[in-house]
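Reading through the structure tokens given below for one structure.
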Amino acid sequence: MTASHRVDRLWPDAARDLDLDAAMAGFEPGPMPEGRPLVAINMVTSIDGRAQLGGTADGLGSRADRRLMRLYRAAFDAVGSGSGTLRAAGLWMRVGDDLAERRAGEGRAPNPLGVVIAGGGSVPVDAPWFIGDEPRVLFIGAGNALTQVPLGTELLRSPDERPEPHWVLERLHERGIQSLLLEGGPRLNASFLEAALIDEVYWTVGAHLLGTDALPMIAPLPGARKPRHGHLSSVLRHEGELFLRYRFEAPASIGP
Ligand SMILES: NC(=O)c1ccc[n+]([C@@H]2O[C@H](COP(=O)([O-])OP(=O)(O)OC[C@H]3O[C@@H](n4cnc5c(N)ncnc54)[C@H](OP(=O)(O)O)[C@@H]3O)[C@@H](O)[C@H]2O)c1
């Protein structure tokens with residue numbers, strides 16, 4: 001039995017006091033791009049745009065936000081994160097029993113494929129992310145010293161120092177993955193933005209002002225760049241918190 005979280009839908013089709021699960025019924029990412037998985041990023045920040053509080057994201061979002069995270073995950077084929085987040089906070093990227101059951105009833109794997117993208121740095125292979133029945137893929141950079149991973153994890157070594165986003169998506173596409181939800185962190189998000197590979201952004205604005213120098217949702221990239229204009233597709237409100245969904249068209253090119 002899951003707790004009921006109440007939300008107002010502000011956009012589109014305004015409606016008050018809905019159950020969050022009901023408000024999200026029928027949610028699916030898309031439309032799907034041709035020839036590669038769709039990529040969405042899901043992040044929570046403070047009002048002033050900070051994505052870390054005391055070194056992790058803990059405390060930025062409410063229980064309703066954590067439920068929303070699972071509802072988003074349940075709609076995706078794969079859920080991924082950078083190794084910085086694994087190192088900072090550990091990872092738990094499953095959907096929970098009720099949503100796993102729902103996915104299984106729809107003929108899908110109970111949990112999305114788990115994805116961690118590491119470069120040359122350490123990967124804590126004793127982290128809980130490596131435990132469990134759901135399949136997992138760990139991407140590592142060419143020079144990473146790691147050679148062995150816990151049973152149930154596929155290890156894919158990139159030809160580059162850091163797995164390049166297009167290369168990662170090709171490997172996932174070969175495995176039948178049509179949609180990837182990235183749950184951070186800011187540095188990995190930045191590399192997907194730089195590669196023009198962010199199709200959707202799910203942004204929770206927590207009702208806090210921090211005033212710190214913590215990382216924002218997307219780590220700053222060097223140099224000037226063209227803005228990417230998004231289309232606002234939905235807005236939910238839960239108490240002081242906003243749940244925003246933006247869609248981005250594929251750009252002809254990106255860069256200065
Ligand atoms: N607010 C939120 O919603 C949210 C969500 C997630 C995380 N966070 C927070 O963000 C912080 C971690 O963020 P982060 O930016 O340091 O870590 P991250 O984005 O999770 O991981 C960055 C690491 O990923 C590896 N990597 C592999 N391929 C890469 C590529 N193409 N581009 C960039 N990195 C690549 C690199 O590992 P190597 O070092 O091995 O080269 C890099 O250091 C934590 O405090 C975490 O709690 C917040």
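Please note that chains go A, B, ... in the order of the structure tokens, that every chain numbers its residues from 1, and that ligands are numbered from 1 in the order shown.
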Per DSSP on the backbone, what are the strand (DSSP E) residues of segment 171-224 of chain A, as an MDAnalysis selection string?
chainID A and resid 179:182 200:205
Please report, as a Markdown table, each residue of chain A lying at most 8 Å from ligand 1, together with the nearest pair of atoms and the separation in Å rounded to one decimal; use only C-alpha atoms and all ligand atoms, and order rows by chain and ascending residue number.
```
| residue | atom | partner | partner_atom_place_in_ligand_line | distance |
| --- | --- | --- | --- | --- |
| A:Asn42 | CA | ligand 1 | 3 (O) | 6.5 |
| A:Met43 | CA | ligand 1 | 3 (O) | 3.4 |
| A:Val44 | CA | ligand 1 | 3 (O) | 4.0 |
| A:Thr45 | CA | ligand 1 | 1 (N) | 5.2 |
| A:Arg50 | CA | ligand 1 | 1 (N) | 7.3 |
| A:Ala51 | CA | ligand 1 | 1 (N) | 3.7 |
| A:Gln52 | CA | ligand 1 | 45 (O) | 5.2 |
| A:Leu53 | CA | ligand 1 | 45 (O) | 7.5 |
| A:Gly54 | CA | ligand 1 | 45 (O) | 7.7 |
| A:Gly55 | CA | ligand 1 | 45 (O) | 4.3 |
| A:Thr56 | CA | ligand 1 | 47 (O) | 3.1 |
| A:Ala57 | CA | ligand 1 | 1 (N) | 4.5 |
| A:Asp58 | CA | ligand 1 | 47 (O) | 7.3 |
| A:Leu60 | CA | ligand 1 | 1 (N) | 7.0 |
| A:Ser81 | CA | ligand 1 | 20 (O) | 5.6 |
| A:Gly82 | CA | ligand 1 | 20 (O) | 3.3 |
| A:Ser83 | CA | ligand 1 | 21 (O) | 4.5 |
| A:Gly84 | CA | ligand 1 | 17 (O) | 3.4 |
| A:Thr85 | CA | ligand 1 | 20 (O) | 3.7 |
| A:Leu86 | CA | ligand 1 | 20 (O) | 6.5 |
| A:Arg87 | CA | ligand 1 | 12 (C) | 7.9 |
| A:Ala88 | CA | ligand 1 | 44 (C) | 5.2 |
| A:Ala89 | CA | ligand 1 | 47 (O) | 5.4 |
| A:Ile117 | CA | ligand 1 | 27 (C) | 4.8 |
| A:Ala118 | CA | ligand 1 | 27 (C) | 3.9 |
| A:Gly119 | CA | ligand 1 | 41 (O) | 3.3 |
| A:Gly120 | CA | ligand 1 | 40 (O) | 4.1 |
| A:Gly121 | CA | ligand 1 | 40 (O) | 3.2 |
| A:Ser122 | CA | ligand 1 | 40 (O) | 5.8 |
| A:Val123 | CA | ligand 1 | 40 (O) | 7.2 |
| A:Phe139 | CA | ligand 1 | 27 (C) | 7.6 |
| A:Ile140 | CA | ligand 1 | 27 (C) | 6.8 |
| A:Gly141 | CA | ligand 1 | 27 (C) | 6.9 |
| A:Asn144 | CA | ligand 1 | 40 (O) | 7.6 |
| A:Glu161 | CA | ligand 1 | 41 (O) | 7.7 |
| A:Arg162 | CA | ligand 1 | 28 (N) | 4.4 |
| A:Pro163 | CA | ligand 1 | 28 (N) | 4.7 |
| A:Glu164 | CA | ligand 1 | 31 (N) | 4.9 |
| A:Pro165 | CA | ligand 1 | 31 (N) | 5.8 |
| A:Glu183 | CA | ligand 1 | 5 (C) | 5.3 |
| A:Gly184 | CA | ligand 1 | 6 (C) | 3.7 |
| A:Gly185 | CA | ligand 1 | 19 (O) | 3.3 |
| A:Pro186 | CA | ligand 1 | 15 (O) | 3.9 |
| A:Arg187 | CA | ligand 1 | 15 (O) | 3.5 |
| A:Leu188 | CA | ligand 1 | 19 (O) | 3.7 |
| A:Asn189 | CA | ligand 1 | 19 (O) | 6.2 |
| A:Ala190 | CA | ligand 1 | 32 (N) | 6.9 |
| A:Ser191 | CA | ligand 1 | 32 (N) | 4.6 |
| A:Phe192 | CA | ligand 1 | 31 (N) | 7.2 |
| A:Leu215 | CA | ligand 1 | 10 (O) | 7.0 |
| A:Pro216 | CA | ligand 1 | 1 (N) | 7.9 |
| A:Met217 | CA | ligand 1 | 1 (N) | 6.5 |
| A:Ile218 | CA | ligand 1 | 15 (O) | 7.9 |
| A:Ala219 | CA | ligand 1 | 15 (O) | 6.6 |
```
For Met32 of chain A, which residue out of A:Ala250, A:Leu156, A:Ala74, A:Leu68 is the nearest one, using only C-alpha atoms?
A:Ala250
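Atom CA of Arg70 of chain A to atom CA of Gly30 of chain A spans 17.6 Å [interatomic distance, one decimal].
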